[in-house]
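A.B. asks: What follows is structure20.txt; its format and atoms are compact mmCIF, C-alpha atoms.
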# COMPACT_ATOMS: atom_id res chain seq x y z
CA MET A 1 -70.95 -76.77 -84.17
CA ASP A 2 -73.41 -77.49 -86.93
CA LEU A 3 -75.33 -74.68 -88.54
CA VAL A 4 -78.88 -75.67 -87.74
CA SER A 5 -80.18 -72.79 -89.79
CA SER A 6 -78.88 -74.49 -92.94
CA ALA A 7 -82.32 -76.08 -93.30
CA PRO A 8 -84.02 -74.52 -96.35
CA THR A 9 -86.76 -72.03 -95.58
CA ASN A 10 -89.00 -69.97 -97.81
CA SER A 11 -90.65 -67.93 -95.11
CA PRO A 12 -90.58 -64.16 -95.48
CA SER A 13 -88.43 -62.71 -92.74
CA SER A 14 -89.53 -59.11 -93.19
CA ALA A 15 -91.63 -59.28 -90.04
CA PHE A 16 -88.51 -60.04 -88.04
CA GLU A 17 -86.03 -57.86 -89.87
CA THR A 18 -84.62 -54.91 -88.02
CA PRO A 19 -82.54 -52.16 -89.61
CA SER A 20 -78.83 -52.63 -89.11
CA ALA A 21 -78.33 -48.97 -88.38
CA LEU A 22 -80.71 -46.05 -88.10
CA ALA A 23 -79.50 -42.48 -88.10
CA ILE A 24 -81.69 -39.85 -86.48
CA SER A 25 -80.67 -36.23 -86.83
CA THR A 26 -82.32 -33.16 -85.33
CA SER A 27 -81.39 -29.50 -85.55
CA ASN A 28 -82.54 -26.43 -83.65
CA GLY A 29 -81.95 -22.78 -84.67
CA THR A 30 -82.42 -19.77 -82.40
CA GLY A 31 -81.48 -16.10 -82.97
CA ALA A 32 -81.15 -14.06 -86.13
CA ASN A 33 -78.02 -15.78 -87.40
CA ASN A 34 -78.89 -19.31 -86.10
CA SER A 35 -75.60 -19.21 -84.19
CA ASN A 36 -76.80 -21.80 -81.67
CA SER A 37 -77.80 -24.45 -84.18
CA THR A 38 -76.97 -27.97 -82.97
CA SER A 39 -77.08 -31.36 -84.64
CA THR A 40 -77.16 -34.73 -82.90
CA THR A 41 -77.03 -38.14 -84.52
CA ALA A 42 -78.01 -41.33 -82.73
CA LEU A 43 -77.09 -44.71 -84.15
CA ILE A 44 -79.03 -47.81 -83.20
CA THR A 45 -76.55 -50.64 -83.06
CA SER A 46 -77.13 -53.70 -85.22
CA PRO A 47 -78.53 -56.87 -83.61
CA SER A 48 -76.04 -59.23 -82.06
CA ARG A 49 -75.00 -62.49 -83.67
CA TYR A 50 -77.12 -64.36 -81.13
CA GLU A 51 -80.23 -62.32 -81.97
CA ASN A 52 -79.75 -62.87 -85.70
CA GLN A 53 -79.33 -66.60 -85.22
CA LYS A 54 -82.38 -66.74 -82.97
CA ARG A 55 -84.48 -64.96 -85.59
CA ARG A 56 -83.34 -67.36 -88.32
CA ASP A 57 -84.06 -70.39 -86.13
CA TRP A 58 -87.51 -69.06 -85.31
CA ASN A 59 -88.30 -68.49 -88.99
CA THR A 60 -87.12 -72.02 -89.79
CA PHE A 61 -89.36 -73.53 -87.13
CA CYS A 62 -92.40 -71.49 -88.19
CA GLN A 63 -91.85 -72.59 -91.79
CA TYR A 64 -91.66 -76.20 -90.61
CA LEU A 65 -95.04 -75.83 -88.88
CA ARG A 66 -96.60 -74.39 -92.04
CA ASN A 67 -95.23 -77.26 -94.15
CA HIS A 68 -96.41 -79.86 -91.66
CA ARG A 69 -99.15 -82.24 -92.76
CA PRO A 70 -101.62 -81.24 -91.52
CA PRO A 71 -100.35 -77.67 -90.98
CA LEU A 72 -99.84 -76.69 -87.36
CA SER A 73 -100.38 -73.39 -85.64
CA LEU A 74 -98.04 -72.28 -82.88
CA PRO A 75 -100.63 -72.71 -80.05
CA MET A 76 -101.13 -76.32 -81.17
CA CYS A 77 -97.41 -77.10 -81.05
CA SER A 78 -96.32 -79.55 -78.34
CA GLY A 79 -93.13 -81.20 -77.19
CA ALA A 80 -93.80 -84.08 -79.60
CA HIS A 81 -93.75 -81.67 -82.54
CA VAL A 82 -90.48 -80.20 -81.30
CA LEU A 83 -88.97 -83.71 -81.31
CA GLU A 84 -90.18 -84.21 -84.89
CA PHE A 85 -88.49 -80.95 -85.82
CA LEU A 86 -85.19 -82.01 -84.24
CA ARG A 87 -85.24 -85.34 -86.08
CA TYR A 88 -86.05 -83.51 -89.30
CA LEU A 89 -82.93 -81.36 -88.85
CA ASP A 90 -80.70 -84.44 -88.61
CA GLN A 91 -80.62 -84.70 -92.40
CA PHE A 92 -78.71 -81.40 -92.47
CA GLY A 93 -76.18 -82.47 -89.82
CA LYS A 94 -72.43 -82.48 -90.37
CA THR A 95 -71.25 -84.62 -87.44
CA LYS A 96 -70.36 -88.28 -87.99
CA ILE A 97 -72.14 -90.48 -85.43
CA HIS A 98 -70.89 -94.08 -85.42
CA ASN A 99 -73.31 -96.98 -85.03
CA HIS A 100 -72.77 -99.75 -82.49
CA SER A 101 -71.73 -102.12 -85.29
CA CYS A 102 -69.11 -99.70 -86.65
CA PRO A 103 -65.49 -100.70 -85.87
CA PHE A 104 -64.78 -97.03 -85.10
CA PHE A 105 -67.49 -96.78 -82.42
CA GLY A 106 -66.03 -94.87 -79.49
CA LEU A 107 -62.94 -93.64 -81.35
CA PRO A 108 -62.54 -89.84 -81.29
CA ASN A 109 -60.27 -89.87 -84.37
CA PRO A 110 -61.23 -92.68 -86.79
CA PRO A 111 -58.33 -93.74 -89.05
CA ALA A 112 -60.56 -94.24 -92.11
CA PRO A 113 -63.99 -93.20 -93.45
CA CYS A 114 -67.09 -95.23 -92.68
CA PRO A 115 -70.72 -95.29 -93.92
CA CYS A 116 -72.19 -94.10 -90.62
CA PRO A 117 -74.71 -91.25 -90.95
CA LEU A 118 -74.19 -87.56 -90.37
CA ARG A 119 -76.27 -86.03 -87.62
CA GLN A 120 -76.73 -82.77 -85.80
CA ALA A 121 -74.27 -82.55 -82.92
CA TRP A 122 -75.73 -82.50 -79.43
CA GLY A 123 -74.21 -79.08 -78.72
CA SER A 124 -75.97 -77.60 -81.76
CA LEU A 125 -79.35 -79.03 -80.75
CA ASP A 126 -78.96 -77.89 -77.16
CA ALA A 127 -78.12 -74.34 -78.23
CA LEU A 128 -80.98 -74.36 -80.77
CA ILE A 129 -83.55 -75.34 -78.16
CA GLY A 130 -82.30 -72.56 -75.88
CA ARG A 131 -82.76 -69.95 -78.61
CA LEU A 132 -86.19 -71.23 -79.65
CA ARG A 133 -87.34 -71.38 -76.05
CA ALA A 134 -86.46 -67.70 -75.64
CA ALA A 135 -88.00 -66.74 -79.00
CA TYR A 136 -91.26 -68.52 -78.14
CA GLU A 137 -91.78 -66.34 -75.07
CA GLU A 138 -90.65 -63.21 -76.90
CA HIS A 139 -93.47 -63.80 -79.41
CA GLY A 140 -96.15 -63.95 -76.74
CA GLY A 141 -95.97 -67.59 -75.65
CA ARG A 142 -96.63 -68.45 -72.01
CA PRO A 143 -93.61 -69.87 -70.16
CA GLU A 144 -95.66 -72.68 -68.60
CA ALA A 145 -96.86 -73.77 -72.07
CA ASN A 146 -93.47 -73.50 -73.78
CA PRO A 147 -93.08 -76.70 -75.87
CA PHE A 148 -89.29 -76.24 -76.06
CA GLY A 149 -89.06 -76.65 -72.30
CA ALA A 150 -91.12 -79.85 -72.22
CA ARG A 151 -89.79 -82.80 -70.25
CA ALA A 152 -89.76 -84.99 -73.36
CA VAL A 153 -87.43 -82.52 -75.09
CA ARG A 154 -85.05 -82.47 -72.13
CA LEU A 155 -84.95 -86.28 -72.01
CA TYR A 156 -84.33 -86.46 -75.75
CA LEU A 157 -81.40 -84.07 -75.55
CA ARG A 158 -79.94 -86.06 -72.66
CA GLU A 159 -80.20 -89.30 -74.66
CA VAL A 160 -78.56 -87.68 -77.70
CA ARG A 161 -75.74 -86.36 -75.53
CA ASP A 162 -75.07 -89.72 -73.88
CA PHE A 163 -75.16 -91.70 -77.13
CA GLN A 164 -73.01 -89.25 -79.08
CA SER A 165 -70.52 -89.14 -76.24
CA LYS A 166 -70.10 -92.93 -76.43
CA ALA A 167 -70.21 -93.13 -80.23
CA ARG A 168 -67.63 -90.38 -80.77
CA GLY A 169 -65.49 -91.11 -77.73
CA VAL A 170 -65.92 -87.52 -76.59
CA SER A 171 -66.79 -86.45 -73.06
CA TYR A 172 -69.39 -83.70 -72.70
CA ASP A 173 -68.83 -83.32 -68.97
CA LYS A 174 -67.93 -79.81 -67.97
CA LYS A 175 -64.50 -79.53 -66.42
CA ARG A 176 -64.46 -77.80 -63.09
CA LYS A 177 -62.07 -74.92 -62.86
CA ARG A 178 -59.63 -75.14 -60.00
CA PRO A 179 -59.68 -72.08 -57.78
CA LYS A 180 -56.61 -69.93 -58.16
CA PRO A 181 -54.34 -69.95 -55.08
CA ARG A 182 -54.52 -66.80 -53.07
CA PRO A 183 -51.28 -64.80 -52.94
CA THR A 184 -49.53 -64.92 -49.56
CA PRO A 185 -49.43 -61.42 -48.02
CA VAL A 186 -45.92 -60.06 -47.49
CA PRO A 187 -45.39 -59.03 -43.83
CA THR A 188 -44.57 -55.34 -43.43
CA PRO A 189 -42.37 -53.98 -40.61
CA THR A 190 -44.28 -52.46 -37.72
CA THR A 191 -44.09 -48.76 -36.91
CA SER A 192 -42.54 -49.31 -33.47
CA ALA A 193 -39.72 -51.40 -34.91
CA THR A 194 -39.00 -48.72 -37.53
CA THR A 195 -38.98 -45.96 -34.92
CA THR A 196 -36.65 -47.91 -32.60
CA SER A 197 -34.25 -48.60 -35.44
CA THR A 198 -34.21 -44.91 -36.42
CA THR A 199 -33.66 -43.76 -32.83
CA THR A 200 -30.85 -46.23 -32.28
CA SER A 201 -29.03 -45.18 -35.42
CA GLY A 202 -29.43 -41.51 -34.48
CA THR A 203 -27.98 -42.06 -30.99
CA THR A 204 -25.01 -43.96 -32.40
CA SER A 205 -24.31 -41.17 -34.86
CA SER A 206 -24.43 -38.51 -32.08
CA SER A 207 -22.06 -40.48 -29.84
CA ALA A 208 -19.61 -40.86 -32.65
CA THR A 209 -19.66 -37.08 -33.22
CA LEU A 210 -19.03 -36.18 -29.56
CA SER A 211 -16.14 -38.57 -29.27
Would you mind writing the file's structure down as structure tokens?

C.D. replies:
Amino acid sequence: MDLVSSAPTNSPSSAFETPSALAISTSNGTGANNSNSTSTTALITSPSRYENQKRRDWNTFCQYLRNHRPPLSLPMCSGAHVLEFLRYLDQFGKTKIHNHSCPFFGLPNPPAPCPCPLRQAWGSLDALIGRLRAAYEEHGGRPEANPFGARAVRLYLREVRDFQSKARGVSYDKKRKRPKPRPTPVPTPTTSATTTSTTTSGTTSSSATLS
């Protein structure tokens, strides 16, 4: 998948930085010799890879709004501005998307290079919108006004997916997993049959002894 965060940003990220690890130690001493002194250390785990990527994507988008002409504030942002942002990111894409006129259109493994442009892959854009949609609400945005969930954005992603699927000869349909066959239970001998077998063998043994 393409690294969408490769777009250059100059925004300060200090407001979103979190310490990778924070050690907190406390000690208590009671008695003349402080024999009961204890020390505990708690470590705050570092943010996950997803959280780090989401923070970088959010900083990139906020920087894009500040560089917009005219500059845009977050409350003014709409689905149309999100589409502009996605098209802007295409210049940093690393996925070859063949045009209709290209002889390699629809071939998953082209035998030779071609002048077709590089674009952001659909999977990268889809994951990016998911992260930005979550970040928007985490920063105080209302879910009903979330521009990353606008209908125009969903339609755009669907069009990109369909076109790239045809141009690259790659299917984006999710394969359904076949349910695993259930193991057949092994029949166990009943208690009555076991008891009868034991009794019969015992009677035979006794008769053999008496004879």

A.B. asks: Enumerate, in order of chain and increasing residue number, the residues of segment 99-178 of chain A with an atom no farther than 6 Å from segment 74-94 of chain A, each with its shortest atom pair and distance in Å to one decimal, counting all atoms listed in the file, as a Markdown table.

C.D. replies:
| residue | atom | partner | partner_atom | distance |
| --- | --- | --- | --- | --- |
| A:Leu118 | CA | A:Lys94 | CA | 5.4 |
| A:Arg119 | CA | A:Gly93 | CA | 4.2 |
| A:Gln120 | CA | A:Gly93 | CA | 4.1 |
| A:Pro147 | CA | A:Gly79 | CA | 4.7 |
| A:Ala150 | CA | A:Gly79 | CA | 5.5 |

A.B. asks: What does the distance between atom CA of Glu159 of chain A and atom CA of Ala134 of chain A come to in Å, to one decimal place?

C.D. replies: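 Result for atom CA of Glu159 of chain A versus atom CA of Ala134 of chain A: 22.5 Å, one decimal.
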
A.B. asks: Using only C-alpha atoms, which protein or nucleic acid residues come within 9 Å of Ala167 of chain A? Drop anything in the same chain fewer than 5 positions from it, and give the result as a VMD selection string.

C.D. replies: chain A and resid 97 to 100 104 to 108 162

A.B. asks: Taking all atoms listed in the file into account, which of A:Phe148, A:Val160, A:Cys116, A:Lys96 comes nearest Leu128 of chain A?

C.D. replies: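 Smallest distance to Leu128 of chain A is found for A:Phe148.
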
A.B. asks: Between atom CA of Ser73 of chain A and atom CA of Arg154 of chain A, measure the distance and give it in Å to one decimal.

C.D. replies: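 Going from atom CA of Ser73 of chain A over to atom CA of Arg154 of chain A covers 22.4 Å.
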
A.B. asks: Between A:Cys114, A:Leu125, A:Leu72, A:Leu132, which is the closest to Trp58 of chain A once you count all atoms listed in the file?

C.D. replies: A:Leu132

A.B. asks: Distance atom CA of Leu155 of chain A-atom CA of Ile129 of chain A, one decimal place?

C.D. replies: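 Straight-line distance from atom CA of Leu155 of chain A to atom CA of Ile129 of chain A works out to 12.6 Å.
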
A.B. asks: For each of A:Lys166, A:His68, A:Arg55, A:Arg161, take the minimum atom-to-atom distance to Arg133 of chain A, counting all atoms listed in the file, then give the residue where this is smallest.

C.D. replies: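 Answer, going by the shortest atom-to-atom distance: A:Arg55.
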